[in-house]
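Reviewing the structure listed below.
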Amino acid sequence: MAGPCDLNFDIAVLPGDGVGPDVTNEARRVLDEVGVRFGHRFTYKAGLIGGIAIDKTGSALPQQTIDTCRGCDAVLLGAVGGPKWDDPDAATRPEDGLLALRRQLGLFCNLRPVKMLRVLQDATSLKPEVVRDVDLMVVRELTGGLYFGRPKKRWSNSRGRRAVDSMVYTEKEIARILRAGFELAMSRRRKLTSVDKANVLETSRLWRQIAVEMAAGYPQVSLDHMLVDACAMRLIRDPAYFDVIVTENMFGDILTDEASMLAGSMGMLPSASLAGIPGGKSSRAFGLYEPIHGSAPDIAGLDLANPIAAILSAGMLLHYSLGLGREATAVERAVLQVLEGGYRTKDIMTGGMKPAGTAQMGRLIAGKIRK
Ligand code: IPM
Ligand code: MG
């Protein structure tokens with residue numbers, strides 16, 4: 001692991017499945033250019049995860065990949081999954097690899113920023129005036145809740161087949177993710193919306209209680225509570241209302257796919273999954289960075305995927321895990337400049353714009369860093 005003044009950083013790169021390799025290649029290209037311009041050296045350590053790992057090793061998360069990640073300063077991931085591994089009776093699935101990695105590395109704090117870039121205002125399916133001022137951050141709890149709670153199983157008995165998943169949260173798990181929400185709100189517009197289903201779920205009632213208690217320590221933050229169904233509606237009706245949303249794992253999964261549409265395309269949205277609270281005691285947290293778009297197997301290898309989400313994820317990596325704020329800003333600015341120059345991948349194409357493939361988009365963005 002690098003110390004605070006090091007210029008050399010080790011980054012684990014797990015391309016995974018589908019378009020994962022296409023987009024992580026471009027993120028690396030941009031990181032390399034950041035290295036040249038700012039005088040850092042990034043050393044990449046490759047690892048297997050997901051379907052490709054199942055094919056090659058029988059496991060969606062080989063031990064070697066975990067060890068590689070632990071030995072690095074941060075992890076850059078592409079995507080996992082695809083129809084080839086979708087059999088509901090399969091012993092293991094690509095997604096198991098990602099879930100196990102999140103859990104084993106303690107990556108409880110998932111940040112998903114959604115920002116409407118004015119240049120993309122025509123690419124969204126919503127009215128431009130609705131999405132114009134969207135700049136929100138979803139803080140999703142990532143290692144608890146329905147995803148990991150026990151019991152979790154499928155079985156059959158004389159009365160037929162049954163299955164159970166359990167939503168379980170401890171006070172400690174709720175408190176640390178809420179703290180991340182409050183801290184982020186402090187560094188932004190100081191408005192925190194805690195999303196739950198407290199009219200139905202006990203976990204949500206505990207969540208709400210802890211949120212209220214914690215709010216006493218953050219008098220500058222205005223906290224409100226919203227039921228998850230109402231939040232889903234408000235995200236479409238009036239998304240500019242939100243600053244920071246903090247919520248449990250499954251709600252966050254669903255709401256962030258919805259919220260991604262506010263930014264025009266899922267191909268635009270990065271994410272960070274951190275093992276610590278951002279802006280907490282140490283300004284740097286170990287983390288895994290991935291686009292939120294998934295593996296899109298239908299366009300894998302065709303030079304069609306939008307690499308911007310992966311490139312912006314690399315930007316978040318620079319900021320949150322390496323403490324390189326200037327470098328992170330340079331990445332964001334380069335993306336914006338290329339979009340302002342009229343280049344678009346297919347997912348964000350609108351009339352009069354210039355089509356660009358995955359690799360060209362990556363090269364254009366890298367080129368803007370160089371200048
Ligand atoms: C996400 C994805 C994952 C999740 C899948 C691939 C397991 O949808 O990161 O949002 O549900 O967390
Ligand atoms: Mg999801």
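The way I read the labels, and the way they are meant: chains A, B, ... in the order of the structure tokens, residue 1 as the first residue of every chain, and ligand 1 as the first ligand shown, with later ones counted on from there.
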What do you get as a count of residues only if you pick all residues at most 8 Å from ligand 2, counting only C-alpha atoms and all ligand atoms?
7
Test item: residues no farther than 9 Å from ligand 1, counting only C-alpha atoms and all ligand atoms, as JSON, numbers by chain
{"A": [79, 80, 81, 94, 95, 96, 97, 98, 99, 142, 147, 249, 250, 252, 253, 254, 256, 257, 271, 290, 291, 292, 293, 294, 295]}
Given only C-alpha atoms as the counted atoms, nearest of A:Gly264, A:Pro219, A:Gly78, A:Pro83 to Thr350 of chain A
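That would be A:Gly264, the residue with the smallest distance to Thr350 of chain A.
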Skip Val131 of chain A itself and residues of its chain fewer than 5 positions away, then list as a list of chain:residue names all residues within 7 Å of it, counting only C-alpha atoms.
A:Met116, A:Leu126, A:Pro239, A:Ala240, A:Leu262
Next, the residues of the selection above should be written as a short mmCIF file (atom, residue, chain, number, x, y, z; two decimals), in the first residue's frame with N, CA, C and O atoms.
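The resulting file, selection_25.cif, is shown below:
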data_model
loop_
_atom_site.label_atom_id
_atom_site.label_comp_id
_atom_site.auth_asym_id
_atom_site.auth_seq_id
_atom_site.Cartn_x
_atom_site.Cartn_y
_atom_site.Cartn_z
N MET A 116 -26.71 15.77 -13.80
CA MET A 116 -27.14 16.06 -15.16
C MET A 116 -26.16 17.04 -15.79
O MET A 116 -25.98 18.14 -15.29
N LEU A 126 -36.62 12.21 -20.01
CA LEU A 126 -37.47 13.11 -19.24
C LEU A 126 -37.41 14.52 -19.82
O LEU A 126 -36.53 14.83 -20.62
N PRO A 239 -36.68 15.71 -9.33
CA PRO A 239 -35.38 15.16 -8.88
C PRO A 239 -34.42 16.21 -8.32
O PRO A 239 -33.56 15.87 -7.52
N ALA A 240 -34.61 17.48 -8.73
CA ALA A 240 -33.70 18.51 -8.24
C ALA A 240 -33.90 18.74 -6.74
O ALA A 240 -33.09 19.41 -6.10
N LEU A 262 -31.90 9.97 -15.05
CA LEU A 262 -31.92 11.42 -14.96
C LEU A 262 -30.71 12.02 -15.65
O LEU A 262 -30.73 13.15 -16.10
#
Which residue of A:Ser283, A:Gln337, A:Gln360, A:Thr24 approaches His319 of chain A most closely, using only C-alpha atoms
A:Ser283
Nearest residue to Ala46 of chain A from the set A:Thr68, A:Ser265, A:Thr358, A:Ser158 (distances using only C-alpha atoms)
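Counting only C-alpha atoms, the residue closest to Ala46 of chain A is A:Thr68.
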Leaving out Pro151 of chain A and any residue of its chain fewer than 5 positions from it, which residues lie within 8 Å of it when counting only C-alpha atoms, given as number ranges by chain?
A: 164-166
To test your reading of the structure, identify every residue in segment 56-161 of chain A that backbone DSSP assigns to helix (DSSP H, G or I), and report it as a ChimeraX atom specification.
/A:56-57,63-70,83-85,94-104,118-120,128-131,145-147
Pick out each residue of segment 82-196 of chain A that DSSP on the backbone tags as strand (DSSP E or B); I need them as an NGL selection string.
:A and (109-115 or 135-141 or 149-157 or 160-166 or 191-196)
State, in Å with one decimal place, the distance from atom CA of Lys197 of chain A to atom CA of Met261 of chain A.
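It comes out at 23.0 Å.
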Taking only C-alpha atoms into account, produce a table as a tab-separated table in which each residue of segment 72-149 of chain A with an atom at most 12 Å from an atom of segment 326-335 of chain A appears once, together with its shortest atom pair and the distance in Å to one decimal, ordered by chain and rising number.
residue	atom	partner	partner_atom	distance
A:Lys115	CA	A:Glu332	CA	11.6
A:Leu117	CA	A:Val335	CA	10.5
A:Val119	CA	A:Val335	CA	11.1
A:Leu120	CA	A:Val335	CA	11.9
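Using only C-alpha atoms, the shortest contact distance between Thr170 of chain A and any of A:Glu248, A:Asp135, A:Glu183, A:Glu213 is found at A:Glu248.
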Would you work out the distance separating atom CA of Arg118 of chain A from atom CA of Ala305 of chain A, expressed in Å to one decimal?
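The value is 21.3 Å.
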I'd like the interatomic distance between atom CA of Val134 of chain A and atom CA of Cys109 of chain A, to a tenth of an Å.
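Distance reported for this atom pair: 21.8 Å.
If you measure from each of A:Arg102, A:Arg29, A:Lys45, A:Lys191 to Leu288 of chain A using only C-alpha atoms, the closest one turns out to be A:Arg102.
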For each of A:Leu322, A:Leu48, A:Leu76, A:Met266, take the minimum atom-to-atom distance to Thr124 of chain A, counting only C-alpha atoms, then give the residue where this is smallest.
A:Met266
